[in-house]
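*Asks:* Here it is, the structure in full.
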Amino acid sequence: MKQINFFDTPKIDQVGIDDRISRITARSIKKEAKVKGLYMILNMIDLTTLEGADTEDKVKHICYKAMHLHDEYPDLPTTAAVCVYPNFVKTAVTELKGSGVKVASVATAFPSGQADTQTKLADVKEAVDNGADEVDMVISRGKYHSGDYDFVFNEIATIKAAIGKARLKVILETGELGNLDNIRRASDIAMYAGADFIKTSTGKIKPAATLPVILVMMEAVRDYYYNTGRMVGIKPAGGISNAKLALQYLLLLKETLGGKWLNNTYFRFGASSLANDVLMQIVKQKTGNYQSKDYFSKD
Amino acid sequence: MKTKVDIDYSSDWPLAPAPESMSHINLKEKYDLFINGKFVKPKSGKYFDTFNPANEKLLAKVALGDADDVDIAVKAARKAYTNVWSKLSGKERGKYIFRLARIIQERAREFSVIESLDGGKAIRESRDIDIPLVSAHFFYNAGWADKLDYAFPNRKPKSLGVVGQIIPWNFPLLMASWKIAPALAAGNTVVIKAANTTPLTLYKLAEAVKDAGIPDGVVNVVSGRGSVVGMAIVNHPDVNKIAFTGSTGVGKIIMNAIAGTGKKATMELGGKAANIIFEDAALDQAVEGVINGIFFNQGHVCCAGSRLYVQESVYDVVLRKLKGRMQSLIIGDPLDKNTDIGAINSKDQLNTINEYIKIGLKEGAEIYQPECTLPKKGYWCKPTLFTHVAQSNRIVQEEIFGPVLAIQTFRTIDEVIEKANNTPYGLSAGVWTDKGSKIFNMTSQLRAGVIWANTFNKFDPASPFGGYKESGFGREGGIHGLEPYLKFD
């Protein structure tokens with residue numbers, strides 16, 4: 001394969017991106033399309049708890065929630081995964097056994113990524129040894145901004161090599177990258193280095209995921225697919241807390257990458273509070289009325 | 001090494017129908033001429049039908065005027081000019097125009113729905129582009145009414161008198177606003193002819209003119225055949241200026257007719273705009289712009305980017321992206337909020353477009369149309385690309401006025417400038433590059449009235465619009481659009 005020069009990645013025009021997004025947000029997703037979309041969203045959620053105050057009990061609770069989103073409606077799917085720190089992976093694996101819900105673990109000195117590669121590898125090893133199906137790593141933004149793209153590339157490739165069969169999600173932390181051209185470049189670096197997923201944010205930095213950012217990443221995934229034939233997944237994380245916005249992400253996905261990406265192998269939402277709003281919308285579609293928020297469990 | 005993989009844009013998640021509500025629209029069965037502040041029957045007693053091009057259903061009957069009706073309208077306009085409108089201060093005229101602008105805003109939903117019903121354009125466009133621009137043009141020009149004395153330094157502007165205006169069927173209400181708003185702000189009175197296939201919104205505007213309390217006879221609306229009513233306006237001895245938007249062929253007939261009469265004129269005619277993509281452009285955004293440039297309003301746009309020039313090094317990539325984007329466009333019911341491409345405006349226009357598609361195939365060009373099902377009733381055309389075309393092909397030279405794009409490649413800047421300018425038209429052009437210096441170089445060498453850089457089909461009432469060469473002369477919009485409605489001592 002030809003050598004990729006990451007100093008010369010495709011250009012992005014912010015105005016054009018915003019124009020395209022305004023077409024998506026003007027779309028009307030109603031009735032059966034809305035219900036089907038809402039079910040898809042639930043099944044694409046990485047239910048996430050990444051707090052300093054997390055405990056084993058808290059992790060158990062969200063694992064239960066991932067499998068039992070709203071027991072009044074038995075036809076609801078589970079979430080795609082539960083996302084926790086490496087030290088809670090074991091607990092999550094035990095709790096989720098047999099449910100089909102994957103265990104994802106953040107690693108590589110999440111969220112800052114400020115550690116040497118050996119420490120990051122140890123972090124990743126803990127997650128994988130404990131049974132994580134997926135690893136969410138962060139890129140070294142400091143190195144990225146200094147123009148040391150080789151370092152960023154090599155670090156991702158090293159982690160990828162160390163995690164065996166687990167799928168690698170690479171967090172670009174788009175809120176720290178400054179502009180869309182950088183988001184495109186970082187996406188390309190991550191994919192060519194072996195990422196199975198590119199993910200926007202840690203959730204600790206604002207702005208987190210936005211529609212323009214995701215469109216740039218989707219277009220990067222599309223170009224990468226054209227060039228290599230390999231499908232890479234996308235995960236917006238942080239900042240998506242209502243169903244309407246999540247539906248717009250799905251529609252953008254459909255119109256940019258087509259139906260093959262419309263499942264949780266290739267698209268995820270990293271979110272903690274999105275599920276309840278989606279559930280509320282599903283109940284509204286089925287009963288005709290909005291229910292009080294207190295009818296939906298908060299775990 | 002090139003891997004042959006393509007994106008499959010089909011999915012098992014189609015959007016549900018999202019039809020715009022029709023409950024708020026008020027459409028009469030019959031529309032009479034609007035002369036001297038009243039709706040009056042045409043002298044002939046005859047009416048013509050206007051249809052919904054998306055389902056071929058009758059919408060309303062519209063007065064078929066003739067030269068006698070035009071004469072009455074011009075007399076009413078002259079009387080209103082002499083007795084009322086020319087005596088009002090700019091400030092008072094401005095108030096009326098502001099009031100009209102606000103009424104249009106209040107009724108925006110109704111105007112949008114009727115514009116889409118009568119013309120076939122997607123409600124997304126009439127709701128988000130046409131109608132907001134209509135009220136914006138009235139607001140903008142209303143603001144000039146009391147500032148004319150300061151708008152042209154060291155020159156004292158005066159109104160002309162009665163102006164005759166003829167508008168096209170593609171953006172009926174928008175084109176009416178481009179003409180009526182500056183005419184009124186400058187102190188003139190108006191006789192305006194509605195387009196034949198899309199007359200309804202202009203008569204709805206007449207209702208708004210009445211509701212705004214604009215004095216009788218200041219705005220008069222007539223309808224009928226172009227060769228009868230249009231020519232009667234053009235040839236009427238008491239009309240001081242003609243403003244025409246339409247085909248270059250008819251523009252030439254009008255110019256012949258008014259030669260030697262002293263009537264002022266502005267002409268906004270055909271186009272065959274070049275959209276130029278350089279290898280250093282943001283390609284995905286350029287492709288989106290090309291799509292909007294040619295498929296906006298089904299390609300019934302005089303400034304449509306109907307010729308695409310792509311730098312050879314990125315031709316394959318751009319073509320693949322273009323085809324992919326075309327597959328995700330939604331074609332169908334104009335009143336569905338999710339529709340991207342609506343119906344072709346009329347059977348005649350559909351025949352013209354289909355004729356050009358045949359010509360393109362006969363000329364040896366390669367055609368691409370996405371797979372999509374078109375409604376059984378109504379007039380429809382799939383978005384169409386032609387590749388492997390030559391400058392000498394008719395589909396490259398002539399205005400098709402439909403969703404048909406001809407793509408060519410180029411290697412150097414000089415080559416593409418020569419090709420882009422090699423057309424009798426010169427209305428608009430588009431340049432796509434990440435390099436600012438290239439944009440300035442291109443814009444100074446392209447012979448077109450409007451040049452967009454890294455965007456396309458952007459309109460603003462403050463920005464002048466108009467053509468070079470056979471695309472016409474005179475400008476509409478901005479202070480430049482006021483000037484043709486004024487004379488200077």
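Chain lettering (A, B, ...) mirrors the order of the structure tokens, residue numbering begins at 1 for each chain separately, and ligand numbering begins at 1 in order of display.
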Counting only C-alpha atoms, what are the residues of chain B within 10 Å of chain A, and for each of them which pair of atoms is the nearest and at what distance in Å, to one decimal? Sort the table by chain and rising number, as JSON lines.
*Replies:*
```
{"residue": "B:Met1", "atom": "CA", "partner": "A:Met1", "partner_atom": "CA", "distance": 7.6}
{"residue": "B:Lys2", "atom": "CA", "partner": "A:Asn227", "partner_atom": "CA", "distance": 6.8}
{"residue": "B:Thr3", "atom": "CA", "partner": "A:Asn227", "partner_atom": "CA", "distance": 6.1}
{"residue": "B:Lys4", "atom": "CA", "partner": "A:Tyr226", "partner_atom": "CA", "distance": 7.4}
{"residue": "B:Val5", "atom": "CA", "partner": "A:Tyr226", "partner_atom": "CA", "distance": 5.8}
{"residue": "B:Asp6", "atom": "CA", "partner": "A:Tyr226", "partner_atom": "CA", "distance": 6.7}
{"residue": "B:Ile7", "atom": "CA", "partner": "A:Gly258", "partner_atom": "CA", "distance": 6.4}
{"residue": "B:Asp8", "atom": "CA", "partner": "A:Gly258", "partner_atom": "CA", "distance": 5.5}
{"residue": "B:Tyr9", "atom": "CA", "partner": "A:Gly258", "partner_atom": "CA", "distance": 4.0}
{"residue": "B:Ser10", "atom": "CA", "partner": "A:Gly259", "partner_atom": "CA", "distance": 5.7}
{"residue": "B:Ser11", "atom": "CA", "partner": "A:Gly259", "partner_atom": "CA", "distance": 4.1}
{"residue": "B:Asp12", "atom": "CA", "partner": "A:Gly259", "partner_atom": "CA", "distance": 7.0}
{"residue": "B:Trp13", "atom": "CA", "partner": "A:Ala33", "partner_atom": "CA", "distance": 6.6}
{"residue": "B:Pro14", "atom": "CA", "partner": "A:Ala33", "partner_atom": "CA", "distance": 6.6}
{"residue": "B:Leu15", "atom": "CA", "partner": "A:Ala33", "partner_atom": "CA", "distance": 5.3}
{"residue": "B:Ala16", "atom": "CA", "partner": "A:Ala33", "partner_atom": "CA", "distance": 5.4}
{"residue": "B:Pro17", "atom": "CA", "partner": "A:Lys30", "partner_atom": "CA", "distance": 7.6}
{"residue": "B:Ala18", "atom": "CA", "partner": "A:Ser28", "partner_atom": "CA", "distance": 6.4}
{"residue": "B:Pro19", "atom": "CA", "partner": "A:Ser28", "partner_atom": "CA", "distance": 9.4}
{"residue": "B:Arg124", "atom": "CA", "partner": "A:Ala26", "partner_atom": "CA", "distance": 8.0}
{"residue": "B:Asp128", "atom": "CA", "partner": "A:Ala26", "partner_atom": "CA", "distance": 9.3}
{"residue": "B:Glu279", "atom": "CA", "partner": "A:Pro10", "partner_atom": "CA", "distance": 9.8}
{"residue": "B:Asp280", "atom": "CA", "partner": "A:Lys11", "partner_atom": "CA", "distance": 7.4}
{"residue": "B:Ala281", "atom": "CA", "partner": "A:Lys11", "partner_atom": "CA", "distance": 6.5}
{"residue": "B:Ala282", "atom": "CA", "partner": "A:Lys11", "partner_atom": "CA", "distance": 4.6}
{"residue": "B:Leu283", "atom": "CA", "partner": "A:Lys11", "partner_atom": "CA", "distance": 7.4}
{"residue": "B:Asp284", "atom": "CA", "partner": "A:Glu219", "partner_atom": "CA", "distance": 7.5}
{"residue": "B:Gln285", "atom": "CA", "partner": "A:Gly16", "partner_atom": "CA", "distance": 5.1}
{"residue": "B:Ala286", "atom": "CA", "partner": "A:Gly16", "partner_atom": "CA", "distance": 7.8}
{"residue": "B:Val287", "atom": "CA", "partner": "A:Gly16", "partner_atom": "CA", "distance": 9.7}
{"residue": "B:Glu288", "atom": "CA", "partner": "A:Arg20", "partner_atom": "CA", "distance": 7.4}
{"residue": "B:Gly289", "atom": "CA", "partner": "A:Gly16", "partner_atom": "CA", "distance": 7.6}
{"residue": "B:Val317", "atom": "CA", "partner": "A:Asp223", "partner_atom": "CA", "distance": 9.1}
{"residue": "B:Arg320", "atom": "CA", "partner": "A:Tyr226", "partner_atom": "CA", "distance": 9.4}
{"residue": "B:Lys321", "atom": "CA", "partner": "A:Asp223", "partner_atom": "CA", "distance": 9.4}
{"residue": "B:Gly324", "atom": "CA", "partner": "A:Thr256", "partner_atom": "CA", "distance": 8.6}
{"residue": "B:Arg325", "atom": "CA", "partner": "A:Thr256", "partner_atom": "CA", "distance": 7.9}
{"residue": "B:Gln327", "atom": "CA", "partner": "A:Glu255", "partner_atom": "CA", "distance": 8.8}
{"residue": "B:Ser328", "atom": "CA", "partner": "A:Glu255", "partner_atom": "CA", "distance": 5.6}
{"residue": "B:Leu329", "atom": "CA", "partner": "A:Glu255", "partner_atom": "CA", "distance": 8.4}
{"residue": "B:Asp336", "atom": "CA", "partner": "A:Ser28", "partner_atom": "CA", "distance": 9.1}
{"residue": "B:Lys337", "atom": "CA", "partner": "A:Ser28", "partner_atom": "CA", "distance": 6.4}
{"residue": "B:Asn338", "atom": "CA", "partner": "A:Arg27", "partner_atom": "CA", "distance": 5.4}
{"residue": "B:Thr339", "atom": "CA", "partner": "A:Arg27", "partner_atom": "CA", "distance": 8.8}
{"residue": "B:Asp340", "atom": "CA", "partner": "A:Arg23", "partner_atom": "CA", "distance": 9.4}
{"residue": "B:Thr433", "atom": "CA", "partner": "A:Lys11", "partner_atom": "CA", "distance": 9.3}
{"residue": "B:Asp434", "atom": "CA", "partner": "A:Lys11", "partner_atom": "CA", "distance": 7.2}
{"residue": "B:Asn454", "atom": "CA", "partner": "A:Gly16", "partner_atom": "CA", "distance": 7.6}
{"residue": "B:Thr455", "atom": "CA", "partner": "A:Gly16", "partner_atom": "CA", "distance": 7.0}
{"residue": "B:Phe456", "atom": "CA", "partner": "A:Gly16", "partner_atom": "CA", "distance": 9.9}
```
*Asks:* To test your reading of the structure, identify every residue in stretch 295-437 of chain B that backbone DSSP assigns to alpha helix (DSSP H), and report it as a PyMOL selection string.
*Replies:* chain B and resi 295+315-327+347-362+394-397+413-421+436-437
*Asks:* Using only C-alpha atoms, which residue out of A:Ile214, A:Ala166, A:Leu47, A:Ile159 lies closest to A:Ser272?
*Replies:* A:Leu47
*Asks:* Neighbouring residues of B:Gln105 were defined as those with any atom within 8 Å, considering only C-alpha atoms; residues of the same chain fewer than 6 positions away were excluded. Please report them as a CSV table (one decimal) with N, CA, C and O atoms, in the first residue's frame.
*Replies:*
```csv
chain,number,residue,atom,x,y,z
B,131,ILE,N,-39.6,31.7,0.1
B,131,ILE,CA,-40.5,32.6,0.8
B,131,ILE,C,-39.7,33.5,1.8
B,131,ILE,O,-39.9,34.7,1.8
B,132,PRO,N,-38.8,33.0,2.5
B,132,PRO,CA,-38.0,33.9,3.4
B,132,PRO,C,-37.2,34.9,2.6
B,132,PRO,O,-37.1,36.1,3.0
B,135,SER,N,-39.8,37.8,1.5
B,135,SER,CA,-40.0,38.9,2.5
B,135,SER,C,-38.7,39.7,2.8
B,135,SER,O,-38.8,40.9,3.0
```
*Asks:* I'd like the contact shell of A:Ser201 - 7 Å cut-off, only C-alpha atoms, skipping same-chain residues fewer than 5 positions apart - returned as a list in words.
*Replies:* Ile171, Leu172, Glu173, Thr174, Ala208, Ala209, Ala237 and Gly238 of chain A
*Asks:* Since we have the selection now, will you write its residues out, keeping N, CA, C and O atoms, as a compact mmCIF listing (two decimals), in the first residue's frame?
*Replies:*
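Below is the file out_24.txt, written as the result:
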```
# COMPACT_ATOMS: atom_id res chain seq x y z
N ILE A 171 -10.17 7.28 20.66
CA ILE A 171 -10.81 8.55 21.00
C ILE A 171 -9.91 9.69 20.53
O ILE A 171 -8.76 9.80 20.95
N LEU A 172 -10.47 10.55 19.66
CA LEU A 172 -9.65 11.65 19.12
C LEU A 172 -9.68 12.87 20.03
O LEU A 172 -8.84 13.75 19.91
N GLU A 173 -10.62 12.91 20.94
CA GLU A 173 -10.89 14.09 21.77
C GLU A 173 -10.98 15.32 20.88
O GLU A 173 -10.16 16.24 20.91
N THR A 174 -12.04 15.32 20.06
CA THR A 174 -12.20 16.36 19.03
C THR A 174 -12.30 17.77 19.62
O THR A 174 -11.94 18.74 18.96
N ALA A 208 -18.06 18.17 23.18
CA ALA A 208 -17.87 16.75 22.89
C ALA A 208 -18.38 16.49 21.46
O ALA A 208 -18.05 17.25 20.57
N ALA A 209 -19.18 15.47 21.26
CA ALA A 209 -19.64 15.16 19.90
C ALA A 209 -20.58 16.25 19.39
O ALA A 209 -21.40 16.77 20.13
N ALA A 237 -19.52 10.50 21.31
CA ALA A 237 -19.66 10.32 22.75
C ALA A 237 -19.71 11.67 23.44
O ALA A 237 -18.98 12.59 23.08
N GLY A 238 -20.62 11.77 24.38
CA GLY A 238 -20.73 13.01 25.14
C GLY A 238 -21.60 14.02 24.42
O GLY A 238 -21.50 14.20 23.21
```
*Asks:* Please compute the atom CA of B:Phe295-atom CA of B:Ile341 distance, one decimal, in Å.
*Replies:*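 According to the coordinates, atom CA of B:Phe295 and atom CA of B:Ile341 are separated by 7.0 Å.
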